[in-house]
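Peer 1: So I've got this file, upload_30.txt, and it contains compact mmCIF, C-alpha atoms and all ligand atoms:
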# COMPACT_ATOMS: atom_id res chain seq x y z
CA MET A 66 154.98 85.55 156.12
CA LYS A 67 153.50 88.97 155.41
CA THR A 68 149.80 89.40 154.69
CA PHE A 69 148.18 90.74 151.54
CA GLY A 70 147.37 93.97 153.39
CA GLU A 71 150.96 94.41 154.55
CA ALA A 72 152.28 93.81 151.04
CA SER A 73 149.81 96.35 149.61
CA ALA A 74 150.95 98.91 152.19
CA LEU A 75 154.60 98.27 151.23
CA ILE A 76 153.73 98.91 147.58
CA ALA A 77 152.10 102.20 148.59
CA SER A 78 155.22 103.29 150.48
CA HIS A 79 157.81 102.07 147.95
CA VAL A 80 156.29 103.03 144.60
CA ALA A 81 156.27 106.73 143.67
CA PRO A 82 154.87 108.34 140.50
CA LEU A 83 157.16 108.65 137.48
CA GLU A 84 158.08 112.10 136.21
CA ILE A 85 155.61 114.35 134.39
CA GLU A 86 155.66 115.09 130.66
CA THR A 87 153.56 116.92 128.08
CA VAL A 88 152.13 114.98 125.16
CA PRO A 89 149.74 115.84 122.32
CA LEU A 90 146.14 114.98 123.16
CA SER A 91 146.17 112.69 120.11
CA ALA A 92 148.67 110.46 122.00
CA GLY A 93 146.70 110.65 125.24
CA ALA A 94 144.61 107.46 125.14
CA GLY A 95 145.44 105.34 128.18
CA ARG A 96 147.58 108.01 129.86
CA VAL A 97 146.98 109.31 133.39
CA LEU A 98 146.54 113.08 133.83
CA ALA A 99 149.07 114.81 136.06
CA ALA A 100 147.08 118.06 135.97
CA ASP A 101 143.37 118.92 135.74
CA ILE A 102 141.96 119.66 132.28
CA ARG A 103 139.98 122.94 132.19
CA ALA A 104 137.70 123.98 129.37
CA ALA A 105 139.24 126.64 127.10
CA ILE A 106 135.77 127.35 125.66
CA PRO A 107 132.20 126.72 126.87
CA SER A 108 130.02 123.95 125.45
CA PRO A 109 127.96 124.60 123.52
CA ARG A 110 130.08 127.53 122.49
CA HIS A 111 126.94 129.46 121.41
CA SER A 112 123.25 128.80 122.00
CA VAL A 113 122.53 126.37 119.17
CA SER A 114 119.64 124.55 117.57
CA ALA A 115 119.04 120.95 118.69
CA MET A 116 116.96 120.19 115.58
CA ASP A 117 116.76 120.82 111.85
CA GLY A 118 113.93 123.33 111.35
CA TYR A 119 113.22 127.06 111.65
CA ALA A 120 114.47 129.51 114.26
CA VAL A 121 111.70 131.89 115.40
CA ARG A 122 110.65 134.14 118.23
CA GLN A 123 107.91 131.88 119.62
CA SER A 124 105.56 134.71 120.63
CA ASP A 125 105.54 135.91 116.98
CA ILE A 126 104.28 132.63 115.53
CA ALA A 127 100.67 131.47 115.35
CA GLY A 128 100.13 128.13 113.59
CA GLY A 129 98.79 128.26 110.03
CA GLU A 130 99.93 131.83 109.09
CA PRO A 131 102.50 132.37 106.28
CA VAL A 132 105.92 133.36 107.66
CA GLN A 133 108.75 134.95 105.66
CA VAL A 134 112.08 132.99 105.67
CA ALA A 135 114.78 135.62 106.25
CA GLY A 136 117.82 133.41 105.63
CA GLU A 137 119.75 130.38 106.80
CA ALA A 138 121.93 129.33 109.75
CA ARG A 139 124.29 126.35 109.48
CA PRO A 140 126.84 124.95 111.97
CA GLY A 141 129.91 127.13 111.54
CA ALA A 142 127.97 129.67 109.38
CA PRO A 143 125.44 131.66 111.44
CA PHE A 144 122.65 133.92 110.12
CA ALA A 145 124.40 137.24 109.63
CA SER A 146 121.94 139.60 111.34
CA VAL A 147 119.12 139.82 113.88
CA LEU A 148 115.96 137.79 113.21
CA PRO A 149 113.43 140.26 111.80
CA ALA A 150 110.19 140.46 113.83
CA GLY A 151 107.58 137.91 112.71
CA GLU A 152 110.00 136.06 110.40
CA ALA A 153 111.88 132.73 110.57
CA VAL A 154 115.43 131.56 109.75
CA ARG A 155 116.06 128.14 108.23
CA ILE A 156 118.36 126.41 110.75
CA PHE A 157 120.19 123.09 111.05
CA THR A 158 121.17 121.04 114.10
CA GLY A 159 124.18 122.61 115.81
CA ALA A 160 123.84 126.00 114.09
CA PRO A 161 124.02 129.12 116.32
CA LEU A 162 120.57 130.49 117.12
CA PRO A 163 120.16 133.93 115.45
CA ASP A 164 119.95 136.91 117.79
CA GLY A 165 116.28 137.65 118.43
CA ALA A 166 115.18 134.00 118.10
CA ASP A 167 114.26 131.99 121.16
CA SER A 168 113.13 128.65 119.77
CA VAL A 169 113.29 126.23 116.88
CA ILE A 170 110.30 124.64 115.19
CA MET A 171 111.17 121.17 113.85
CA GLN A 172 110.90 120.93 110.10
CA GLU A 173 108.35 118.10 110.48
CA TYR A 174 105.87 120.88 111.48
CA ALA A 175 106.79 123.13 108.56
CA GLN A 176 105.57 123.39 104.99
CA ARG A 177 107.84 125.44 102.79
CA ASP A 178 107.20 127.20 99.48
CA ALA A 179 110.08 129.35 98.20
CA ASP A 180 110.70 132.04 100.87
CA THR A 181 107.52 131.35 102.81
CA VAL A 182 106.89 128.74 105.47
CA TRP A 183 103.68 127.63 107.28
CA PHE A 184 103.84 125.96 110.68
CA ALA A 185 101.26 123.36 111.65
CA ALA A 186 99.66 123.71 115.09
CA GLY A 187 101.27 121.64 117.85
CA PHE A 188 104.92 122.61 117.18
CA GLY A 189 105.46 123.91 120.72
CA PRO A 190 106.13 124.39 123.50
CA ALA A 191 109.56 122.67 123.23
CA LYS A 192 112.22 125.22 122.32
CA HIS A 193 114.85 122.79 120.90
CA VAL A 194 117.69 125.11 121.89
CA ARG A 195 120.90 124.11 123.68
CA GLN A 196 121.93 127.15 125.70
CA ARG A 197 125.52 128.39 125.59
CA GLY A 198 127.50 126.75 128.42
CA SER A 199 124.68 124.36 129.37
CA ASP A 200 127.10 121.39 129.15
CA PHE A 201 130.08 123.23 130.70
CA GLU A 202 131.31 126.80 131.11
CA GLU A 203 134.68 128.16 130.02
CA GLY A 204 137.27 127.41 132.73
CA ALA A 205 135.32 124.49 134.21
CA VAL A 206 137.42 121.54 135.40
CA LEU A 207 136.31 118.73 133.10
CA LEU A 208 138.80 116.05 134.15
CA ARG A 209 140.69 115.76 137.40
CA ARG A 210 144.35 114.93 137.87
CA GLY A 211 144.68 111.14 138.26
CA THR A 212 142.06 110.38 135.57
CA ARG A 213 143.08 107.76 133.03
CA LEU A 214 142.07 108.83 129.53
CA ASP A 215 139.70 106.36 127.91
CA ALA A 216 137.13 106.73 125.16
CA LYS A 217 134.64 108.75 127.21
CA THR A 218 137.12 110.96 128.99
CA LEU A 219 138.82 111.67 125.64
CA VAL A 220 135.55 113.22 124.45
CA ALA A 221 135.63 115.65 127.38
CA ALA A 222 139.37 116.38 126.90
CA ALA A 223 138.94 117.15 123.20
CA ALA A 224 135.79 119.20 123.84
CA ALA A 225 137.85 121.29 126.30
CA ASP A 226 139.82 122.37 123.19
CA VAL A 227 143.25 121.51 124.58
CA ALA A 228 146.04 120.47 122.21
CA GLU A 229 148.40 119.07 124.82
CA ILE A 230 148.00 117.32 128.15
CA THR A 231 150.21 116.85 131.19
CA VAL A 232 150.65 113.20 132.12
CA HIS A 233 152.94 110.93 134.08
CA ARG A 234 155.52 109.11 132.00
CA GLN A 235 154.35 105.65 130.93
CA PRO A 236 156.00 102.87 132.94
CA ALA A 237 158.36 100.78 130.80
CA ILE A 238 158.10 97.11 131.68
CA ALA A 239 160.31 94.16 130.74
CA ILE A 240 159.15 90.57 131.19
CA ILE A 241 161.16 87.37 131.45
CA ALA A 242 159.64 83.90 131.79
CA THR A 243 162.12 81.44 133.27
CA GLY A 244 162.23 77.67 132.90
CA ASP A 245 163.97 75.12 130.64
CA GLU A 246 160.59 73.61 129.80
CA LEU A 247 159.12 76.76 128.28
CA ALA A 248 158.60 77.07 124.54
CA GLU A 249 157.06 79.65 122.23
CA PRO A 250 153.32 78.86 121.91
CA GLY A 251 152.93 76.70 118.81
CA SER A 252 156.26 74.96 119.21
CA ALA A 253 155.87 72.99 122.48
CA GLN A 254 154.40 70.06 120.54
CA LEU A 255 157.78 69.60 118.82
CA ALA A 256 159.53 68.43 122.02
CA PRO A 257 158.05 65.82 124.40
CA TYR A 258 158.50 67.68 127.70
CA ALA A 259 158.18 71.26 126.54
CA ILE A 260 155.17 73.37 127.57
CA PRO A 261 153.93 76.62 126.02
CA ASP A 262 154.98 79.81 127.82
CA SER A 263 151.37 80.75 128.50
CA THR A 264 151.83 83.68 130.84
CA SER A 265 154.43 86.13 129.53
CA LEU A 266 152.13 87.22 126.72
CA ALA A 267 149.23 87.48 129.16
CA ILE A 268 151.22 89.57 131.65
CA ALA A 269 152.31 91.85 128.79
CA SER A 270 148.68 92.33 127.79
CA LEU A 271 147.60 92.99 131.38
CA ALA A 272 150.42 95.53 131.79
CA GLN A 273 149.49 97.31 128.57
CA ASP A 274 145.86 97.45 129.68
CA ALA A 275 147.09 99.09 132.88
CA GLY A 276 148.96 101.78 130.90
CA ALA A 277 152.48 100.33 130.69
CA CYS A 278 154.69 100.11 127.64
CA VAL A 279 156.30 96.67 127.22
CA THR A 280 159.93 97.21 126.17
CA SER A 281 160.88 93.54 126.01
CA ARG A 282 159.53 90.07 126.62
CA CYS A 283 161.78 87.03 126.60
CA ARG A 284 162.37 83.57 128.04
CA GLY A 285 165.34 82.43 130.09
CA GLN A 286 166.83 78.99 130.66
CA ASP A 287 167.47 77.81 134.24
CA ASP A 288 171.15 78.76 134.01
CA LEU A 289 172.20 81.30 136.63
CA PRO A 290 175.10 83.06 134.82
CA ALA A 291 172.96 83.47 131.70
CA LEU A 292 170.01 84.70 133.77
CA GLU A 293 172.28 87.22 135.56
CA ARG A 294 173.27 88.66 132.19
CA GLN A 295 169.65 88.81 131.03
CA ALA A 296 168.65 90.50 134.31
CA GLY A 297 171.25 93.23 133.69
CA GLU A 298 169.96 93.88 130.19
CA LEU A 299 166.33 93.99 131.28
CA LEU A 300 167.07 96.39 134.15
CA GLU A 301 168.61 98.80 131.65
CA SER A 302 165.49 98.95 129.51
CA ALA A 303 162.67 99.22 132.02
CA ASP A 304 161.27 100.88 135.14
CA ILE A 305 160.00 97.52 136.30
CA VAL A 306 161.15 94.01 135.45
CA ILE A 307 158.73 91.11 135.85
CA VAL A 308 160.23 87.67 136.31
CA ILE A 309 157.82 84.77 135.95
CA GLY A 310 158.63 81.43 137.65
CA GLY A 311 161.62 80.31 139.67
CA ALA A 312 160.13 82.09 142.68
CA SER A 313 159.88 79.09 144.96
CA VAL A 314 162.43 77.11 146.94
CA GLY A 315 163.60 74.57 144.31
CA ASP A 316 167.31 74.11 143.50
CA ARG A 317 166.83 75.79 140.14
CA ASP A 318 164.55 78.62 141.27
CA PHE A 319 166.80 81.50 140.20
CA ALA A 320 164.38 84.43 140.00
CA LYS A 321 165.89 86.24 142.99
CA PRO A 322 169.53 85.08 142.64
CA MET A 323 169.66 86.36 139.04
CA PHE A 324 169.16 89.92 140.33
CA ALA A 325 171.57 89.60 143.27
CA PRO A 326 174.65 90.91 141.37
CA HIS A 327 172.54 93.92 140.37
CA GLY A 328 171.91 94.95 143.97
CA LEU A 329 168.52 93.36 144.62
CA GLU A 330 166.93 94.45 147.91
CA LEU A 331 163.69 92.70 148.80
CA VAL A 332 160.60 94.71 149.71
CA PHE A 333 158.55 91.59 150.44
CA ASP A 334 158.98 87.88 149.80
CA ARG A 335 156.46 85.07 150.30
CA LEU A 336 153.00 86.10 151.41
CA ALA A 337 150.26 84.36 153.37
CA ILE A 338 147.98 84.24 150.32
CA LYS A 339 146.59 81.51 148.11
CA PRO A 340 147.35 81.29 145.29
CA GLY A 341 150.59 83.18 144.94
CA LYS A 342 152.54 82.46 148.12
CA PRO A 343 155.98 82.81 146.42
CA VAL A 344 155.29 86.28 144.94
CA TRP A 345 158.00 88.83 145.77
CA LEU A 346 158.88 92.46 145.16
CA GLY A 347 162.34 94.02 145.21
CA ARG A 348 164.38 97.02 144.16
CA ALA A 349 167.55 96.97 142.10
CA GLY A 350 168.88 100.53 142.10
CA ALA A 351 166.12 102.75 140.70
CA ARG A 352 164.26 99.78 139.20
CA LEU A 353 161.51 97.63 140.64
CA VAL A 354 161.57 93.86 140.23
CA LEU A 355 158.38 91.85 140.71
CA GLY A 356 158.64 88.06 140.89
CA LEU A 357 155.50 86.17 139.95
CA PRO A 358 155.01 82.45 140.69
CA GLY A 359 155.34 80.15 137.69
CA ASN A 360 151.96 78.46 138.09
CA PRO A 361 149.83 80.27 135.51
CA SER A 362 146.79 81.00 137.72
CA SER A 363 149.08 82.16 140.55
CA ALA A 364 150.94 84.44 138.12
CA MET A 365 147.73 86.02 136.83
CA VAL A 366 146.17 86.47 140.28
CA THR A 367 149.31 88.05 141.75
CA ALA A 368 149.72 90.27 138.68
CA ARG A 369 146.17 91.55 139.23
CA LEU A 370 146.72 92.03 142.97
CA PHE A 371 150.19 93.61 142.86
CA LEU A 372 151.34 94.55 139.33
CA VAL A 373 148.21 96.56 138.49
CA PRO A 374 148.43 98.75 141.64
CA ILE A 375 152.18 99.23 141.07
CA LEU A 376 151.55 100.42 137.51
CA GLU A 377 148.73 102.68 138.69
CA ARG A 378 150.97 104.25 141.33
CA LEU A 379 153.82 104.77 138.83
CA GLN A 380 151.31 106.73 136.75
CA GLY A 381 150.24 108.94 139.63
CA GLY A 382 147.16 106.97 140.78
CA GLU A 383 146.41 105.67 144.26
CA GLY A 384 146.64 102.00 143.26
CA TYR A 385 143.76 101.00 145.51
CA HIS A 386 141.80 97.82 144.81
CA ALA A 387 138.14 98.51 144.02
CA TRP A 388 136.57 95.74 146.11
CA ARG A 389 132.82 95.38 145.63
CA ASP A 390 130.23 93.61 147.77
CA MET A 391 128.62 90.99 145.56
CA PRO A 392 126.26 88.05 146.02
CA LEU A 393 127.42 84.44 145.87
CA ALA A 394 125.49 82.22 143.45
CA THR A 395 127.27 79.01 144.51
CA PRO A 396 128.81 77.80 147.79
CA LEU A 397 132.31 79.08 148.62
CA PRO A 398 134.65 76.49 150.19
CA ALA A 399 136.25 77.07 153.61
CA THR A 400 139.74 78.56 153.59
CA GLY A 401 142.92 77.32 155.25
CA ASP A 402 145.63 79.34 156.98
CA ARG A 403 146.23 81.70 154.04
CA GLU A 404 144.00 84.54 152.83
CA THR A 405 142.51 83.16 149.63
CA PHE A 406 141.53 84.76 146.33
CA ALA A 407 138.98 82.50 144.67
CA ARG A 408 138.36 82.80 140.95
CA ALA A 409 134.72 83.28 140.02
CA HIS A 410 132.47 83.99 137.09
CA TRP A 411 129.66 86.56 137.14
CA GLY A 412 126.53 84.62 136.20
CA GLN A 413 122.85 85.53 136.16
CA ALA A 414 122.34 84.91 139.89
CA GLY A 415 125.67 86.29 141.14
CA LEU A 416 129.25 85.05 141.49
CA GLU A 417 129.79 81.42 140.56
CA VAL A 418 132.94 80.08 142.22
CA LEU A 419 134.94 78.12 139.65
CA GLY A 420 135.28 74.43 140.41
CA ASN A 421 139.00 74.03 139.80
CA GLN A 422 140.99 76.50 141.95
CA ASP A 423 144.34 74.77 141.35
CA SER A 424 147.26 77.19 140.77
CA GLY A 425 148.18 75.37 137.57
CA VAL A 426 144.81 76.07 135.88
CA GLN A 427 145.12 77.64 132.44
CA GLY A 428 141.98 76.74 130.49
CA GLY A 429 139.64 77.76 133.31
CA LEU A 430 141.12 81.28 133.47
CA ALA A 431 139.08 82.18 130.43
CA ARG A 432 135.90 82.06 132.56
CA ALA A 433 137.39 83.79 135.62
CA ASP A 434 136.32 87.42 135.67
CA TRP A 435 136.21 88.17 139.43
CA LEU A 436 138.42 87.37 142.43
CA ILE A 437 136.63 86.74 145.72
CA ARG A 438 138.65 87.80 148.78
CA CYS A 439 138.30 85.18 151.51
CA PRO A 440 139.95 85.74 154.92
CA SER A 441 142.06 82.88 156.25
CA SER A 442 140.23 80.28 158.38
CA GLN A 443 136.84 81.30 157.02
CA ALA A 444 134.11 78.64 157.23
CA GLY A 445 132.43 77.65 153.96
CA LEU A 446 129.72 80.08 152.79
CA GLU A 447 126.38 79.16 151.22
CA ALA A 448 124.97 80.74 148.04
CA GLY A 449 123.21 84.01 148.84
CA ASN A 450 125.96 85.34 151.13
CA THR A 451 127.67 88.62 150.25
CA VAL A 452 131.40 88.52 149.48
CA SER A 453 134.05 91.09 148.65
CA ALA A 454 135.23 90.79 145.04
CA LEU A 455 137.60 92.47 142.61
CA LEU A 456 137.29 92.64 138.83
CA PHE A 457 139.86 90.19 137.44
N1 LIG A 501 158.61 72.71 148.60
C1 LIG A 501 157.86 73.69 148.13
N2 LIG A 501 157.51 73.65 146.85
C2 LIG A 501 156.74 74.61 146.34
C3 LIG A 501 156.29 75.66 147.17
C4 LIG A 501 156.70 75.69 148.52
O1 LIG A 501 156.35 76.59 149.28
N3 LIG A 501 157.52 74.68 148.94
N4 LIG A 501 155.47 76.60 146.64
C5 LIG A 501 154.61 76.14 145.58
C6 LIG A 501 153.87 77.23 145.04
S1 LIG A 501 152.68 77.90 146.05
C7 LIG A 501 154.03 77.66 143.76
S2 LIG A 501 152.97 78.86 143.14
C8 LIG A 501 155.04 77.15 142.89
C9 LIG A 501 155.69 78.33 142.19
O2 LIG A 501 156.96 78.04 141.94
P1 LIG A 501 157.91 78.86 140.97
O3 LIG A 501 157.59 80.27 140.90
O4 LIG A 501 159.27 78.49 141.35
O5 LIG A 501 157.51 78.30 139.55
P2 LIG A 501 158.21 77.20 138.66
O6 LIG A 501 158.70 76.11 139.52
O7 LIG A 501 159.14 77.88 137.78
O8 LIG A 501 156.95 76.72 137.86
C10 LIG A 501 155.83 76.18 138.47
C11 LIG A 501 154.93 75.59 137.39
O9 LIG A 501 154.51 76.56 136.50
C12 LIG A 501 154.92 76.29 135.17
N5 LIG A 501 155.32 77.54 134.51
C13 LIG A 501 156.33 78.32 134.87
N6 LIG A 501 156.41 79.38 134.04
C14 LIG A 501 155.43 79.23 133.15
C15 LIG A 501 155.01 80.01 132.03
N7 LIG A 501 155.63 81.15 131.66
N8 LIG A 501 153.96 79.55 131.30
C16 LIG A 501 153.34 78.41 131.64
N9 LIG A 501 153.68 77.64 132.71
C17 LIG A 501 154.72 78.05 133.44
C18 LIG A 501 156.07 75.34 135.33
O10 LIG A 501 156.28 74.57 134.21
C19 LIG A 501 155.66 74.56 136.55
O11 LIG A 501 154.75 73.55 136.19
O12 LIG A 501 155.96 76.37 143.60
C20 LIG A 501 155.35 75.40 144.49
N10 LIG A 501 156.37 74.57 145.03
O1 LIG A 502 150.24 79.52 146.05
MO1 LIG A 502 150.97 78.71 144.73
O2 LIG A 502 150.76 80.15 144.11
O3 LIG A 502 149.85 77.48 145.12
O4 LIG A 502 150.30 78.08 143.43
Would you write the structure of this file as structure tokens?
Ligand SMILES: Nc1nc2c(c(=O)[nH]1)N[C@H]1C(S)=C(S)[C@@H](COP(=O)(O)OP(=O)(O)OC[C@H]3O[C@@H](n4cnc5c(N)ncnc54)[C@H](O)[C@@H]3O)O[C@H]1N2
Ligand code: MOO

Peer 2:
Amino acid sequence: MKTFGEASALIASHVAPLEIETVPLSAGAGRVLAADIRAAIPSPRHSVSAMDGYAVRQSDIAGGEPVQVAGEARPGAPFASVLPAGEAVRIFTGAPLPDGADSVIMQEYAQRDADTVWFAAGFGPAKHVRQRGSDFEEGAVLLRRGTRLDAKTLVAAAAADVAEITVHRQPAIAIIATGDELAEPGSAQLAPYAIPDSTSLAIASLAQDAGACVTSRCRGQDDLPALERQAGELLESADIVIVIGGASVGDRDFAKPMFAPHGLELVFDRLAIKPGKPVWLGRAGARLVLGLPGNPSSAMVTARLFLVPILERLQGGEGYHAWRDMPLATPLPATGDRETFARAHWGQAGLEVLGNQDSGVQGGLARADWLIRCPSSQAGLEAGNTVSALLF
């Protein structure tokens, strides 16, 4: 059996980025940049006031003297001429500083009567001016190729004043959950041996969070000819097909056979990991096929370990796992002959290893937010030890 590391290396060598396209920035959330974003204008674009108050030349102003108000500056509507010596301009936050002014006195220090203003002592020395280009200069690289656009990076992209961005095409993903026992959640209770299909929806959500577009999600009965037909349809609609269940060695485990007539070539099959031993990856023509084990916790762990990096690579990213050294708050059991990924919860004192690590766990997944990577044949660890963990 191959190791987790070997399988990750095979993903890196078999999965190449999808083609590049241009989309409006307004459709950019979640997309991965295929080219740097450079600022078309500086920020701030002009030296602007950081406060509502009065723009002055500081050396002209002594507290307590009457000062003539020469006019007004608003964001988008600057004072039309140079600040006359010894005078002030009414100014609002974000308005361009008039030529000749070097500071802003907050209005809390000002008393106004018609066109005259008096400034109370103690208004300085803060200037309350944001200098042109102090955030970024025109032409500066604000976001690097490979960045996934989220709320914060969208601020930078929009501030760069770009209308369109260059991104990798979104991976299209199709999902099929196999098994005669599976029923739509809410309907399992109608038949005595049915169980809710609890993972196809979850895998779809995980894939969307990782930037994919789910083109179809369905269930399949354990009937090989029917599954072969479904496999053909799914391969037509997606860059990557995920098949949940039927990955093991049972007589009715058809996940791989259903893709055989479509030219399935395996990249890896069965790994020395726990949970998730039956996980497999293959190619069918230009498409990828990822087989996840049916046990719900195994499916979710292997999706995190393999599907997320695949989707990242399809979108031009490196697909590396961001392992972090973290403290254990509870003991970690010894491992057997497979590298083990233990589900844990981040508590006040560190990672709490969840009590039930069975592959069939569903309810307990709600509390699992980290995966601890445990080498095979590792002795049990006490609380306080440092472990390597991945956000789950
Ligand atoms: N003789 C052996 N038996 C098994 C082995 C083995 O090496 N030798 N491996 C075990 C391991 S490890 C796993 S994991 C499971 C995975 O098997 P499959 O991928 O074939 O999964 P199924 O048999 O289809 O289902 C297993 C289990 O999960 C439930 N399931 C399936 N799909 C869903 C779904 N969408 N939502 C909720 N639950 C689902 C299914 O009802 C079964 O209970 O094989 C071991 N066996
Ligand atoms: O390794 Mo399986 O994935 O035990 O459940």

Peer 1: Give me, please, the distance in Å between atom C2 of ligand LIG 501 (chain A) and atom CA of A:Val279, quoted to one decimal.

Peer 2: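 Interatomic distance here is 29.2 Å.
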
Peer 1: Please list as a PyMOL selection string every residue within 12 Å of A:Gly211, counting all atoms listed in the file and excluding residues in the same chain fewer than 2 positions away.

Peer 2: chain A and resi 82+95-102+208-209+213-214+218+231-233+377-384

Peer 1: Taking only C-alpha atoms and all ligand atoms into account, which residues have an atom no farther than 9 Å from ligand LIG 501 (chain A)? I'd like them as a PyMOL selection string.

Peer 2: chain A and resi 241-248+259-266+284+309-315+317-320+335+338-344+356-364+424-425+427

Peer 1: Under the rule that only C-alpha atoms are counted, which of A:Thr212, A:Gln295, A:Asn421, A:Ser73 is the nearest residue to A:Ala239?

Peer 2: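 Closest candidate: A:Gln295.
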
Peer 1: Neighbouring residues of A:Val206 were defined as those with any atom within 12 Å, considering only C-alpha atoms; residues of the same chain fewer than 6 positions away were excluded. Please report them as a PyMOL selection string.

Peer 2: chain A and resi 100-107+221-222+224-225

Peer 1: Mind giving me the axis-aligned box for ligand LIG 502 (chain A) with 3 Å on every side, centre plus edges in Å to one decimal, as lines of an AutoDock Vina configuration file?

Peer 2:
center_x = 150.4
center_y = 78.8
center_z = 144.7
size_x = 7.1
size_y = 8.7
size_z = 8.6

Peer 1: Distance cut-off 9 Å, centre (158.6, 96.9, 133.1) in file coordinates, counting only C-alpha atoms: which residues qualify? Return them as a list in words.

Peer 2: Pro236, Ala237, Ile238, Ala239, Ile240, Ala272, Ala277, Cys278, Val279, Thr280, Ser281, Leu299, Leu300, Ser302, Ala303, Asp304, Ile305, Val306, Ile307, Arg352, Leu353 and Val354 of chain A

Peer 1: Got time to write the residues from that selection, C-alpha atoms, as a CSV table (one decimal), in the frame of the given file?

Peer 2:
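Full text of again.csv as output:
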chain,number,residue,atom,x,y,z
A,236,PRO,CA,156.0,102.9,132.9
A,237,ALA,CA,158.4,100.8,130.8
A,238,ILE,CA,158.1,97.1,131.7
A,239,ALA,CA,160.3,94.2,130.7
A,240,ILE,CA,159.2,90.6,131.2
A,272,ALA,CA,150.4,95.5,131.8
A,277,ALA,CA,152.5,100.3,130.7
A,278,CYS,CA,154.7,100.1,127.6
A,279,VAL,CA,156.3,96.7,127.2
A,280,THR,CA,159.9,97.2,126.2
A,281,SER,CA,160.9,93.5,126.0
A,299,LEU,CA,166.3,94.0,131.3
A,300,LEU,CA,167.1,96.4,134.2
A,302,SER,CA,165.5,99.0,129.5
A,303,ALA,CA,162.7,99.2,132.0
A,304,ASP,CA,161.3,100.9,135.1
A,305,ILE,CA,160.0,97.5,136.3
A,306,VAL,CA,161.2,94.0,135.4
A,307,ILE,CA,158.7,91.1,135.8
A,352,ARG,CA,164.3,99.8,139.2
A,353,LEU,CA,161.5,97.6,140.6
A,354,VAL,CA,161.6,93.9,140.2

Peer 1: Pick out the closest residue to ligand LIG 502 (chain A) from this set: A:Trp345, A:Phe188, A:Phe457, A:Trp388. Count all atoms listed in the file.

Peer 2: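 Ranking A:Trp345, A:Phe188, A:Phe457, A:Trp388 by distance to ligand LIG 502 (chain A), first place goes to A:Trp345.
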
Peer 1: Find the residues around stretch 145-158 of chain A up to 6 Å (only C-alpha atoms counted), leave out those fewer than 3 positions away in its own chain, and share them as a PyMOL selection string.

Peer 2: chain A and resi 114-121+125+132-139+164-165

Peer 1: Pick from A:Gly159, A:Gly401, A:Gly189, A:Gly198: nearest to ligand LIG 502 (chain A), with all atoms listed in the file counted?

Peer 2: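 Closest residue, counting all atoms listed in the file: A:Gly401.
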
Peer 1: Work out how far atom CA of A:Gly129 is from atom CA of A:Pro190, in Å to one decimal.

Peer 2: 15.8 Å

Peer 1: Which of these, A:Glu173, A:Asp402, A:Asp316, A:Glu249, has the shortest distance to ligand LIG 502 (chain A) once you count all atoms listed in the file?

Peer 2: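 Between A:Glu173, A:Asp402, A:Asp316, A:Glu249, the residue approaching ligand LIG 502 (chain A) most closely is A:Asp402.
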
Peer 1: Got a sec: who's within 7 Å of stretch 403-416 of chain A, counting only C-alpha atoms, leaving out chain neighbours fewer than 3 positions off, as an MDAnalysis selection string?

Peer 2: chainID A and resid 337:340 392:394 400 419 422 432:441

Peer 1: Filtering to C-alpha atoms, could you give me those residues as a PDB file, in the coordinates of the input?

Peer 2:
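selection-v9.pdb, freshly written:
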ATOM      1  CA  ALA A 337     150.260  84.360 153.370  1.00  0.00           C
ATOM      2  CA  ILE A 338     147.980  84.240 150.320  1.00  0.00           C
ATOM      3  CA  LYS A 339     146.590  81.510 148.110  1.00  0.00           C
ATOM      4  CA  PRO A 340     147.350  81.290 145.290  1.00  0.00           C
ATOM      5  CA  PRO A 392     126.260  88.050 146.020  1.00  0.00           C
ATOM      6  CA  LEU A 393     127.420  84.440 145.870  1.00  0.00           C
ATOM      7  CA  ALA A 394     125.490  82.220 143.450  1.00  0.00           C
ATOM      8  CA  THR A 400     139.740  78.560 153.590  1.00  0.00           C
ATOM      9  CA  LEU A 419     134.940  78.120 139.650  1.00  0.00           C
ATOM     10  CA  GLN A 422     140.990  76.500 141.950  1.00  0.00           C
ATOM     11  CA  ARG A 432     135.900  82.060 132.560  1.00  0.00           C
ATOM     12  CA  ALA A 433     137.390  83.790 135.620  1.00  0.00           C
ATOM     13  CA  ASP A 434     136.320  87.420 135.670  1.00  0.00           C
ATOM     14  CA  TRP A 435     136.210  88.170 139.430  1.00  0.00           C
ATOM     15  CA  LEU A 436     138.420  87.370 142.430  1.00  0.00           C
ATOM     16  CA  ILE A 437     136.630  86.740 145.720  1.00  0.00           C
ATOM     17  CA  ARG A 438     138.650  87.800 148.780  1.00  0.00           C
ATOM     18  CA  CYS A 439     138.300  85.180 151.510  1.00  0.00           C
ATOM     19  CA  PRO A 440     139.950  85.740 154.920  1.00  0.00           C
ATOM     20  CA  SER A 441     142.060  82.880 156.250  1.00  0.00           C
TER      21      SER A 441
END

Peer 1: Find, counting only C-alpha atoms and all ligand atoms, the residue in A:Asp200, A:Glu229, A:Glu86, A:Asp423 that gets nearest to ligand LIG 502 (chain A).

Peer 2: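 For ligand LIG 502 (chain A), the nearest of the candidates is A:Asp423.
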
Peer 1: Between atom CA of A:Ile268 and atom CA of A:Leu372, measure the distance and give it in Å to one decimal.

Peer 2: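 Result for atom CA of A:Ile268 versus atom CA of A:Leu372: 9.2 Å, one decimal.
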
Peer 1: Could you check the closest approach to A:Arg210 for each of A:Ile170, A:Leu370, A:Ile85, A:Leu292 and tell me which residue wins, using only C-alpha atoms?

Peer 2: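 Using only C-alpha atoms, A:Arg210 sits closest to A:Ile85.
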